[in-house]
Amino acid sequence: MPKIPRPGDRPTTSARRRWQRPGAITGALLGAAGLLPATPSPAAAAPTCAPPRPGTPMFVTGTCVDPRFNQPYVDVDEWRDSPVRHRYVHGGFRGTDARFSFTFPPPASYQGRFFHFVNAIPGSENTSALNIGFGVDSGAYYVQTNGGGNEAIRSTEDAILLKKDPSVAGYRVDAAAAKYSRVLAAEMYGAHRPYGYVYGGSGGGYKTISGVENSAGVWDGSVPFVIGTPMYIPNVFTARVHALRVLSRRNRLPGIADAVEPGGGDMYAGLDREERQALNEVTRLGFPPRGWFAHKTMDGGALPLVFGYVPYLDPTYVEDFWTKPGYLGTDPTSSVRQARIRHTTTVRGTSPATFTLQLADVPAGDLTGVDLTLTSGAAAGKTLRPSRVTGDVAAFAFGVDPQVFAAIRPGDQVRVDNSWYLAAQTYHRHQVPTPDYEVWDQYRTPHGRPLYPQRAELIGPQGAYYGAGSVQSGRFNGKMIVVETLMDIDAFPWAADWYRTKAEQAQQARGRRLDDSFRLWYVDRAGHLPTLTAAEQPHLVSYYGVLQQALRDLSGWVEKGRPAPAGTRYDVVDGQVEVPADASRRRGVQPVIDLRADGGVRTDVKVGEPVTFSADIGLPPGTGELVAAEWDFEGAGTFPVRGELRGRGRTHRVGAEHAYPEPGTYFAVLRVTSQREGDAGTPYTRIQNLARVRVVVT
């Protein structure tokens, strides 16, 4: 194989000639349609990708041709200087709405690999400026697609009624783009096969796993992050919404959030029977109690997106919920009956441009999750679910058919009904899966029989299939690093352990050791999204740096045989993932902090009395150096005070002193950052953690 250019190498004469200006290699080939055709290659005679056996998903190899995505084209090919110098290539596959983009580094920066980001929901094919910069800094080009565009499943109707192929957005478009990127990379840098690493989170995590379980020779490694299980849809969201409704009736959530903070107390204190049961139920299902800090803005999350399968696949559930024994709707002690709304009104006005409806009047009560069913007019019989109802205006953010909305006229009758939404909140009780899902043991008798009536079908695996084109089996190819967060309220942390178990079983069946190809890193003090709001800054850290380090460690593992840092040690206890307090025992890649205020996790002082803060910080073996420590004594999320770091090594102690001029309860926060090479100036692979202590000032 020809030598791959390394940083500092001068491009070959051929490379300088062909790539010195945008589109030079193919610009002369522009056709009447303005498209740059794919380079002809022997792949045209390759076998067609096909399922390994009837009834299974299509299996994609590095040499087979996808019968749908087999004619790539390029319509933009140019050099760009922002955010860093790179060659931008944009295109798609003829006869489809699938689009892709590749961002190639200059030859002197290229090291023979690509990173491939998979969107959770089909979206833009253009990767972010952050990823472009990180890719060039890592010697990698980036690949990203739009998930198939209008061929992707974006709604329940796409899956159930239109029967779109879930493998399109699940992995086929991405696999076809990854393979074509190698053609252009070989043209640009010389004949070689670039190593490829795919990663995605949440719904993109499902797709990433689906891709590496249903392909070989396309990607060499993967980093699925904040992943779920085949039983997550819609169950993790229904349980959360049930707890939110029950615990909000008497404003219990502020006290619960305070109880789980350092120096707090019993989060069950003062709760009545229904409240205690709801909190215990969602906690045992895996909701991290520290996540209640966000209760003021918490809602059903992705529930509107994923619950739509239930009315189609289990249409009698709502009637059974409200009429049959064993369901909460017939329990006379439950508050759910008082929360039910059934109200008839008319449409006062519509705004198709903003997807809002104004109603003539609205009933009292909580209108979260109501259905609006048109009972007269051109749209009679259609049901719309607004994302929110403010006053008498219902707004729709997603999932509404524009043609149906346009047919609604003032004066049309509409029924306002939250029966489905309330019934959904305990759907998980009637979806008891196989015993490997231990968090459902709370719904089983000691003999393993369900405590509640069970529905005929499990919705979760069907939702997972529609979202990714297959259901996770653990039979992945290549190497994998899973990144999971411990304060994720949308993808409960135990899901990663469930997949690790499946992967271990699959590797054992192949006669292999899981540790030779798999790592699971838990990240403390991180949630579902890597970006943070201002309100989240005092509670959470971004896990961007962990993802970036995972991609680099993965490439070193694959290309140089250098094993990635050890996986995190943990236990799963009643649905909660517990990790050791010591960095050496915890392992993974994140620094660990033991923060104290006057020697404890809580201190009580008077106004103006200084508080002494001290922190012992440890780094897992082989994970770099501590490069930053930042104090936020007021808990505002601004971190204005830099801590002094002395020396190098895996353990550090930092301290500070602060006096509070006003009475109140404060949570002082220390945030620390490590970096593998000890580079304090780089914006990449910065791995953070934080710790909080309570200060009560009187």
# chains A, B, ... in the order shown; residues from 1 in each chain; ligands from 1

call {"tool": "closest_atom_pairs", "arguments": {"of": "range 544-624 of chain A", "to": "range 128-149 of chain A", "cutoff": "10 Å", "atoms": "only C-alpha atoms", "output": "Markdown table"}}
result
| residue | atom | partner | partner_atom | distance |
| --- | --- | --- | --- | --- |
| A:Gln548 | CA | A:Phe134 | CA | 7.9 |
| A:Leu551 | CA | A:Ser138 | CA | 9.2 |
| A:Arg552 | CA | A:Ser138 | CA | 7.4 |
| A:Ser555 | CA | A:Ser138 | CA | 9.8 |

call {"tool": "write_last_selection", "arguments": {"atoms": "N, CA, C and O atoms", "output": "compact mmCIF listing (two decimals), in the first residue's frame"}}
result
# COMPACT_ATOMS: atom_id res chain seq x y z
N GLN A 548 -14.62 12.26 22.09
CA GLN A 548 -13.44 12.50 21.26
C GLN A 548 -12.29 11.58 21.66
O GLN A 548 -11.61 11.00 20.80
N LEU A 551 -12.91 8.05 20.37
CA LEU A 551 -12.58 7.87 18.95
C LEU A 551 -11.08 7.73 18.75
O LEU A 551 -10.62 6.88 17.96
N ARG A 552 -10.30 8.52 19.46
CA ARG A 552 -8.84 8.41 19.33
C ARG A 552 -8.32 7.10 19.93
O ARG A 552 -7.44 6.45 19.35
N SER A 555 -9.14 4.29 17.53
CA SER A 555 -8.25 4.21 16.38
C SER A 555 -6.89 3.63 16.77
O SER A 555 -6.30 2.84 16.03

call {"tool": "closest_atom_pairs", "arguments": {"of": "range 47-142 of chain A", "to": "range 160-167 of chain A", "cutoff": "12 Å", "atoms": "only C-alpha atoms", "output": "CSV"}}
result
residue,atom,partner,partner_atom,distance
A:Ala50,CA,A:Ser167,CA,11.8
A:Pro51,CA,A:Ser167,CA,11.2
A:Thr56,CA,A:Ser167,CA,10.8
A:Pro57,CA,A:Ser167,CA,7.3
A:Met58,CA,A:Ser167,CA,7.7
A:Phe59,CA,A:Ser167,CA,10.1
A:Val60,CA,A:Ser167,CA,10.9
A:Asp66,CA,A:Ser167,CA,11.4
A:Arg68,CA,A:Asp165,CA,11.2
A:Pro122,CA,A:Pro166,CA,11.6

call {"tool": "write_last_selection", "arguments": {"atoms": "all heavy atoms", "output": "PDB file, in the first residue's frame"}}
result
ATOM      1  N   ALA A  50     -27.420  -8.252   0.557  1.00  0.00           N
ATOM      2  CA  ALA A  50     -28.670  -8.978   0.760  1.00  0.00           C
ATOM      3  C   ALA A  50     -28.748  -9.487   2.186  1.00  0.00           C
ATOM      4  O   ALA A  50     -27.734  -9.580   2.884  1.00  0.00           O
ATOM      5  CB  ALA A  50     -28.749 -10.161  -0.209  1.00  0.00           C
ATOM      6  N   PRO A  51     -29.959  -9.829   2.659  1.00  0.00           N
ATOM      7  CA  PRO A  51     -30.083 -10.449   3.988  1.00  0.00           C
ATOM      8  C   PRO A  51     -29.363 -11.790   4.008  1.00  0.00           C
ATOM      9  O   PRO A  51     -29.380 -12.520   3.013  1.00  0.00           O
ATOM     10  CB  PRO A  51     -31.602 -10.627   4.154  1.00  0.00           C
ATOM     11  CG  PRO A  51     -32.219  -9.686   3.172  1.00  0.00           C
ATOM     12  CD  PRO A  51     -31.268  -9.614   2.018  1.00  0.00           C
ATOM     13  N   THR A  56     -34.373 -11.579   7.759  1.00  0.00           N
ATOM     14  CA  THR A  56     -33.357 -10.875   8.540  1.00  0.00           C
ATOM     15  C   THR A  56     -32.960  -9.597   7.824  1.00  0.00           C
ATOM     16  O   THR A  56     -33.192  -9.443   6.624  1.00  0.00           O
ATOM     17  CB  THR A  56     -32.115 -11.761   8.749  1.00  0.00           C
ATOM     18  OG1 THR A  56     -31.550 -12.084   7.466  1.00  0.00           O
ATOM     19  CG2 THR A  56     -32.483 -13.042   9.472  1.00  0.00           C
ATOM     20  N   PRO A  57     -32.350  -8.635   8.532  1.00  0.00           N
ATOM     21  CA  PRO A  57     -31.947  -7.377   7.900  1.00  0.00           C
ATOM     22  C   PRO A  57     -30.856  -7.592   6.853  1.00  0.00           C
ATOM     23  O   PRO A  57     -30.096  -8.571   6.904  1.00  0.00           O
ATOM     24  CB  PRO A  57     -31.418  -6.547   9.078  1.00  0.00           C
ATOM     25  CG  PRO A  57     -32.002  -7.167  10.296  1.00  0.00           C
ATOM     26  CD  PRO A  57     -32.126  -8.624   9.981  1.00  0.00           C
ATOM     27  N   MET A  58     -30.784  -6.677   5.906  1.00  0.00           N
ATOM     28  CA  MET A  58     -29.725  -6.708   4.902  1.00  0.00           C
ATOM     29  C   MET A  58     -28.370  -6.646   5.587  1.00  0.00           C
ATOM     30  O   MET A  58     -28.162  -5.877   6.519  1.00  0.00           O
ATOM     31  CB  MET A  58     -29.865  -5.521   3.950  1.00  0.00           C
ATOM     32  CG  MET A  58     -28.744  -5.418   2.926  1.00  0.00           C
ATOM     33  SD  MET A  58     -28.906  -3.937   1.884  1.00  0.00           S
ATOM     34  CE  MET A  58     -30.330  -4.387   0.908  1.00  0.00           C
ATOM     35  N   PHE A  59     -27.436  -7.467   5.117  1.00  0.00           N
ATOM     36  CA  PHE A  59     -26.072  -7.445   5.649  1.00  0.00           C
ATOM     37  C   PHE A  59     -25.178  -6.792   4.612  1.00  0.00           C
ATOM     38  O   PHE A  59     -25.149  -7.185   3.448  1.00  0.00           O
ATOM     39  CB  PHE A  59     -25.587  -8.860   5.969  1.00  0.00           C
ATOM     40  CG  PHE A  59     -24.352  -8.883   6.817  1.00  0.00           C
ATOM     41  CD1 PHE A  59     -24.450  -8.818   8.203  1.00  0.00           C
ATOM     42  CD2 PHE A  59     -23.093  -8.948   6.248  1.00  0.00           C
ATOM     43  CE1 PHE A  59     -23.318  -8.832   9.000  1.00  0.00           C
ATOM     44  CE2 PHE A  59     -21.953  -8.963   7.025  1.00  0.00           C
ATOM     45  CZ  PHE A  59     -22.061  -8.901   8.413  1.00  0.00           C
ATOM     46  N   VAL A  60     -24.441  -5.771   5.046  1.00  0.00           N
ATOM     47  CA  VAL A  60     -23.605  -4.989   4.142  1.00  0.00           C
ATOM     48  C   VAL A  60     -22.149  -5.342   4.383  1.00  0.00           C
ATOM     49  O   VAL A  60     -21.669  -5.299   5.524  1.00  0.00           O
ATOM     50  CB  VAL A  60     -23.820  -3.478   4.364  1.00  0.00           C
ATOM     51  CG1 VAL A  60     -22.970  -2.671   3.382  1.00  0.00           C
ATOM     52  CG2 VAL A  60     -25.292  -3.113   4.208  1.00  0.00           C
ATOM     53  N   ASP A  66     -25.189  -1.902  -2.453  1.00  0.00           N
ATOM     54  CA  ASP A  66     -26.577  -1.732  -2.024  1.00  0.00           C
ATOM     55  C   ASP A  66     -27.439  -1.487  -3.265  1.00  0.00           C
ATOM     56  O   ASP A  66     -27.159  -0.578  -4.049  1.00  0.00           O
ATOM     57  CB  ASP A  66     -26.684  -0.545  -1.061  1.00  0.00           C
ATOM     58  CG  ASP A  66     -28.032  -0.478  -0.369  1.00  0.00           C
ATOM     59  OD1 ASP A  66     -29.062  -0.425  -1.082  1.00  0.00           O
ATOM     60  OD2 ASP A  66     -28.069  -0.445   0.867  1.00  0.00           O
ATOM     61  N   ARG A  68     -30.176  -0.081  -3.675  1.00  0.00           N
ATOM     62  CA  ARG A  68     -30.852   1.217  -3.691  1.00  0.00           C
ATOM     63  C   ARG A  68     -29.855   2.364  -3.762  1.00  0.00           C
ATOM     64  O   ARG A  68     -30.080   3.352  -4.460  1.00  0.00           O
ATOM     65  CB  ARG A  68     -31.732   1.349  -2.439  1.00  0.00           C
ATOM     66  CG  ARG A  68     -32.497   2.662  -2.324  1.00  0.00           C
ATOM     67  CD  ARG A  68     -33.503   2.814  -3.419  1.00  0.00           C
ATOM     68  NE  ARG A  68     -34.302   4.041  -3.271  1.00  0.00           N
ATOM     69  CZ  ARG A  68     -34.824   4.698  -4.283  1.00  0.00           C
ATOM     70  NH1 ARG A  68     -34.655   4.261  -5.522  1.00  0.00           N
ATOM     71  NH2 ARG A  68     -35.542   5.785  -4.078  1.00  0.00           N
ATOM     72  N   PRO A 122     -33.042  11.549  11.405  1.00  0.00           N
ATOM     73  CA  PRO A 122     -32.526  11.986  10.105  1.00  0.00           C
ATOM     74  C   PRO A 122     -32.543  13.507   9.985  1.00  0.00           C
ATOM     75  O   PRO A 122     -33.566  14.153  10.192  1.00  0.00           O
ATOM     76  CB  PRO A 122     -33.498  11.334   9.118  1.00  0.00           C
ATOM     77  CG  PRO A 122     -33.965  10.106   9.820  1.00  0.00           C
ATOM     78  CD  PRO A 122     -34.053  10.489  11.274  1.00  0.00           C
TER      79      PRO A 122
END

call {"tool": "residues_around", "arguments": {"residues": "range 574-586 of chain A", "least_positions_apart": "2", "cutoff": "9 Å", "atoms": "only C-alpha atoms", "output": "PyMOL selection string"}}
result
chain A and resi 283-288+438-439+486+492-494+497+522+524+567-572+588-594+617-621

call {"tool": "write_last_selection", "arguments": {"atoms": "C-alpha atoms", "output": "compact mmCIF listing (two decimals), in the first residue's frame"}}
result
# COMPACT_ATOMS: atom_id res chain seq x y z
CA THR A 283 -36.21 4.76 40.45
CA ARG A 284 -36.19 0.97 40.24
CA LEU A 285 -36.74 1.22 36.49
CA GLY A 286 -33.50 3.21 36.34
CA PHE A 287 -34.31 6.92 36.52
CA PRO A 288 -31.28 8.51 38.27
CA GLU A 438 -34.18 -7.24 35.72
CA VAL A 439 -35.65 -3.78 36.34
CA LEU A 486 -24.90 8.32 35.02
CA PHE A 492 -31.26 5.03 31.85
CA PRO A 493 -27.66 4.04 32.64
CA TRP A 494 -28.31 0.30 33.13
CA ASP A 497 -24.83 -3.01 31.07
CA TYR A 522 -19.58 5.37 32.48
CA ASP A 524 -20.55 10.66 36.06
CA GLY A 567 -13.89 -0.18 31.24
CA THR A 568 -15.61 1.30 34.28
CA ARG A 569 -16.20 -0.94 37.28
CA TYR A 570 -19.79 -0.77 38.47
CA ASP A 571 -22.73 -2.62 40.01
CA VAL A 572 -26.41 -2.41 39.07
CA GLY A 588 -12.75 4.38 32.85
CA VAL A 589 -11.33 7.75 31.75
CA GLN A 590 -12.95 10.38 33.99
CA PRO A 591 -11.32 12.14 36.96
CA VAL A 592 -12.98 11.54 40.32
CA ILE A 593 -13.45 14.22 43.01
CA ASP A 594 -13.91 13.96 46.76
CA ILE A 617 -8.84 14.43 42.81
CA GLY A 618 -7.81 11.14 41.25
CA LEU A 619 -7.34 10.03 37.65
CA PRO A 620 -7.71 6.45 36.44
CA PRO A 621 -4.49 4.80 35.26

call {"tool": "closest_residue", "arguments": {"among": "A:Gln358, A:Ser419, A:Ser82, A:Gln425", "to": "Glu319 in chain A", "atoms": "only C-alpha atoms"}}
result
A:Ser419

call {"tool": "residues_around", "arguments": {"residues": "Thr383 in chain A", "least_positions_apart": "5", "cutoff": "10 Å", "atoms": "only C-alpha atoms", "output": "PyMOL selection string"}}
result
chain A and resi 371-375+400+404+414-416

call {"tool": "residues_around", "arguments": {"residues": "Lys606 in chain A", "least_positions_apart": "5", "cutoff": "10 Å", "atoms": "only C-alpha atoms", "output": "ChimeraX atom specification"}}
result
/A:611,659-664,696-698

call {"tool": "residues_around", "arguments": {"residues": "range 688-693 of chain A", "least_positions_apart": "4", "cutoff": "6 Å", "atoms": "only C-alpha atoms", "output": "number ranges by chain"}}
result
A: 262, 601-602, 667-673

call {"tool": "residues_around", "arguments": {"residues": "Ala278 in chain A", "least_positions_apart": "6", "cutoff": "8 Å", "atoms": "only C-alpha atoms", "output": "JSON, numbers by chain"}}
result
{"A": [242, 243, 246, 247]}

call {"tool": "write_last_selection", "arguments": {"atoms": "N, CA and C atoms", "output": "mmCIF file, in the first residue's frame"}}
result
data_model
loop_
_atom_site.group_PDB
_atom_site.id
_atom_site.type_symbol
_atom_site.label_atom_id
_atom_site.label_comp_id
_atom_site.auth_asym_id
_atom_site.auth_seq_id
_atom_site.Cartn_x
_atom_site.Cartn_y
_atom_site.Cartn_z
ATOM 1 N N HIS A 242 -45.446 9.470 34.503
ATOM 2 C CA HIS A 242 -46.313 9.079 35.620
ATOM 3 C C HIS A 242 -45.799 9.678 36.928
ATOM 4 N N ALA A 243 -44.501 9.555 37.173
ATOM 5 C CA ALA A 243 -43.934 10.117 38.399
ATOM 6 C C ALA A 243 -44.078 11.633 38.420
ATOM 7 N N VAL A 246 -47.769 12.494 39.348
ATOM 8 C CA VAL A 246 -48.130 12.192 40.736
ATOM 9 C C VAL A 246 -47.378 13.098 41.707
ATOM 10 N N LEU A 247 -46.100 13.332 41.468
ATOM 11 C CA LEU A 247 -45.281 14.083 42.416
ATOM 12 C C LEU A 247 -45.456 15.592 42.281
#

call {"tool": "select_by_dssp", "arguments": {"residues": "range 258-485 of chain A", "states": "alpha helix (DSSP H)", "output": "count of residues only"}}
result
57

call {"tool": "atom_distance", "arguments": {"atom1": "CA of Pro461 in chain A", "atom2": "CA of Val310 in chain A"}}
result
12.3 Å

call {"tool": "select_by_dssp", "arguments": {"residues": "range 281-392 of chain A", "states": "strand (DSSP E)", "output": "list in words"}}
result
Arg342, His343, Thr344, Thr345, Thr346, Val347, Arg348, Gly349, Thr350, Ser351, Thr356, Leu357, Gln358, Leu359, Asp371, Leu372, Thr373, Leu374, Thr383, Leu384, Arg388, Val389 and Thr390 of chain A

call {"tool": "closest_atom_pairs", "arguments": {"of": "range 490-590 of chain A", "to": "range 185-207 of chain A", "cutoff": "10 Å", "atoms": "only C-alpha atoms", "output": "Markdown table"}}
result
| residue | atom | partner | partner_atom | distance |
| --- | --- | --- | --- | --- |
| A:Asp490 | CA | A:Ser202 | CA | 8.5 |
| A:Ala491 | CA | A:Ser202 | CA | 7.2 |
| A:His528 | CA | A:Ser202 | CA | 7.8 |
| A:Leu529 | CA | A:Gly201 | CA | 8.7 |
| A:Pro530 | CA | A:Gly201 | CA | 9.7 |
| A:Leu547 | CA | A:Tyr199 | CA | 8.7 |
| A:Ala550 | CA | A:Tyr199 | CA | 9.8 |
| A:Leu551 | CA | A:Tyr197 | CA | 7.2 |
| A:Arg552 | CA | A:Tyr197 | CA | 9.6 |
| A:Leu554 | CA | A:Tyr197 | CA | 7.9 |
| A:Ser555 | CA | A:Tyr197 | CA | 7.6 |
| A:Val558 | CA | A:Tyr195 | CA | 8.5 |
| A:Glu559 | CA | A:Tyr195 | CA | 7.9 |

call {"tool": "atom_distance", "arguments": {"atom1": "CA of Gly649 in chain A", "atom2": "CA of Ala628 in chain A"}}
result
13.4 Å

call {"tool": "closest_residue", "arguments": {"among": "A:Arg642, A:Val654, A:Ser674, A:Asp436", "to": "Val627 in chain A", "atoms": "only C-alpha atoms"}}
result
A:Ser674
